[in-house]
Amino acid sequence: MESVTAAGPASQRIILTCEVDGVTTEGFALRREYSSAERIARAAKIFGILFFIGIGTIVVPLLHFILPPLFWLAATVLGTTTWLETSEVLSGEIACPNCKHLNLFVREAEEWPKVQRCGGCSFTLSIKPVPQA
């Protein structure tokens, strides 16, 4: 994995592969690791927003028995799942092995294998990183 500075601090370019019916194509993705401080800040932001919305819903008549606990539960679950994300895919692309349509990746949490529909032929693509030696 090589470092790339154009996409941001400490981003890495990884090679991806996708196989459909014995035909394999290669592509790439730019990824970056979150620092511990970034992970905590992202989780605290999600938790704080939902927690304070829960406090704000206390004044809603009748629904104040249901809404605050639901928002506080959502704050806990979403804050924890956000904290568990250790890296993200910044961008990337890979050609469909079936129709050669170029499929782009948007910024999202890194999770492999990535399952995506081809924009050209609607095949379901299973995209995996190539193991680095």
# chains A, B, ... in the order shown; residues from 1 in each chain; ligands from 1
>>> residues_around(residues="Thr24 in chain A", least_positions_apart="3", cutoff="12 Å", atoms="only C-alpha atoms", output="list in words")
Leu16, Thr17, Cys18, Glu19, Val20, Asp21, Gly27, Ile94, Ala95, Cys96, Pro97, Asn98, Cys99, Lys100, Leu125, Ser126, Ile127, Lys128 and Val130 of chain A
>>> write_last_selection(atoms="C-alpha atoms", output="PDB file, in the first residue's frame")
ATOM      1  CA  LEU A  16      -9.261  -4.249  -5.672  1.00  0.00           C
ATOM      2  CA  THR A  17     -10.454  -7.227  -7.656  1.00  0.00           C
ATOM      3  CA  CYS A  18     -13.889  -8.328  -8.841  1.00  0.00           C
ATOM      4  CA  GLU A  19     -14.753 -11.641 -10.506  1.00  0.00           C
ATOM      5  CA  VAL A  20     -17.931 -12.562 -12.410  1.00  0.00           C
ATOM      6  CA  ASP A  21     -18.222 -15.822 -14.396  1.00  0.00           C
ATOM      7  CA  GLY A  27      -9.567  -1.353  -9.730  1.00  0.00           C
ATOM      8  CA  ILE A  94     -13.536  -0.706 -10.628  1.00  0.00           C
ATOM      9  CA  ALA A  95     -14.825  -1.906 -13.998  1.00  0.00           C
ATOM     10  CA  CYS A  96     -17.624  -4.468 -14.126  1.00  0.00           C
ATOM     11  CA  PRO A  97     -16.291  -7.815 -15.411  1.00  0.00           C
ATOM     12  CA  ASN A  98     -19.545  -8.376 -17.304  1.00  0.00           C
ATOM     13  CA  CYS A  99     -20.131  -5.091 -19.189  1.00  0.00           C
ATOM     14  CA  LYS A 100     -16.920  -3.086 -18.459  1.00  0.00           C
ATOM     15  CA  LEU A 125     -20.504  -7.258  -7.795  1.00  0.00           C
ATOM     16  CA  SER A 126     -18.476  -8.609  -4.890  1.00  0.00           C
ATOM     17  CA  ILE A 127     -15.379  -6.437  -4.634  1.00  0.00           C
ATOM     18  CA  LYS A 128     -12.395  -7.531  -2.547  1.00  0.00           C
ATOM     19  CA  VAL A 130      -5.948  -7.867  -3.206  1.00  0.00           C
TER      20      VAL A 130
END
>>> closest_residue(among="A:Ile14, A:Leu63, A:Ala75, A:Leu102", to="Gly48 in chain A", atoms="only C-alpha atoms")
A:Ala75
>>> residues_around(residues="Leu30 in chain A", least_positions_apart="3", cutoff="9 Å", atoms="only C-alpha atoms", output="PyMOL selection string")
chain A and resi 4+7+11-14+88-92
>>> residues_around(residues="Ile49 in chain A", least_positions_apart="3", cutoff="12 Å", atoms="only C-alpha atoms", output="ChimeraX atom specification")
/A:42-46,52-56,71-72,74-76,78-79
>>> residues_around(residues="Ser87 in chain A", least_positions_apart="5", cutoff="8 Å", atoms="only C-alpha atoms", output="number ranges by chain")
A: 31-34, 109-110
>>> closest_residue(among="A:Ala10, A:Val59, A:Val77, A:Ile15", to="Phe28 in chain A", atoms="only C-alpha atoms")
A:Ile15
>>> select_by_dssp(residues="range 33-130 of chain A", states="strand (DSSP E)", output="PyMOL selection string")
chain A and resi 33+87-95+102-105+108-109+114-117+124-129
>>> atom_distance(atom1="CA of Cys118 in chain A", atom2="CA of Thr86 in chain A")
26.8 Å
>>> closest_residue(among="A:Gln132, A:Asn103, A:Thr80, A:Thr25", to="Phe47 in chain A", atoms="only C-alpha atoms")
A:Thr80
>>> atom_distance(atom1="CA of Leu50 in chain A", atom2="CA of Leu73 in chain A")
9.0 Å
>>> select_by_dssp(residues="range 54-96 of chain A", states="alpha helix (DSSP H)", output="ChimeraX atom specification")
/A:54-56,67-84
>>> write_last_selection(atoms="C-alpha atoms", output="PDB file, in the first residue's frame")
ATOM      1  CA  GLY A  54     -33.945  13.135  23.490  1.00  0.00           C
ATOM      2  CA  ILE A  55     -33.769  15.793  26.202  1.00  0.00           C
ATOM      3  CA  GLY A  56     -35.678  18.208  23.946  1.00  0.00           C
ATOM      4  CA  LEU A  67     -39.380   9.547  22.529  1.00  0.00           C
ATOM      5  CA  PRO A  68     -36.598  10.296  25.062  1.00  0.00           C
ATOM      6  CA  PRO A  69     -35.778   6.620  25.756  1.00  0.00           C
ATOM      7  CA  LEU A  70     -35.823   5.873  22.011  1.00  0.00           C
ATOM      8  CA  PHE A  71     -33.456   8.743  21.233  1.00  0.00           C
ATOM      9  CA  TRP A  72     -31.148   7.764  24.101  1.00  0.00           C
ATOM     10  CA  LEU A  73     -31.119   4.152  22.919  1.00  0.00           C
ATOM     11  CA  ALA A  74     -30.406   5.298  19.358  1.00  0.00           C
ATOM     12  CA  ALA A  75     -27.629   7.579  20.675  1.00  0.00           C
ATOM     13  CA  THR A  76     -25.987   4.639  22.422  1.00  0.00           C
ATOM     14  CA  VAL A  77     -26.285   2.221  19.494  1.00  0.00           C
ATOM     15  CA  LEU A  78     -25.256   4.664  16.752  1.00  0.00           C
ATOM     16  CA  GLY A  79     -22.485   6.183  18.861  1.00  0.00           C
ATOM     17  CA  THR A  80     -21.042   2.727  19.510  1.00  0.00           C
ATOM     18  CA  THR A  81     -21.263   1.604  15.883  1.00  0.00           C
ATOM     19  CA  THR A  82     -19.639   4.862  14.755  1.00  0.00           C
ATOM     20  CA  TRP A  83     -16.822   4.359  17.264  1.00  0.00           C
ATOM     21  CA  LEU A  84     -16.252   0.795  15.982  1.00  0.00           C
TER      22      LEU A  84
END
>>> closest_residue(among="A:Val23, A:Ala29, A:Arg107, A:His101", to="Gly120 in chain A", atoms="only C-alpha atoms")
A:His101
>>> atom_distance(atom1="CA of Phe51 in chain A", atom2="CA of Phe65 in chain A")
15.1 Å
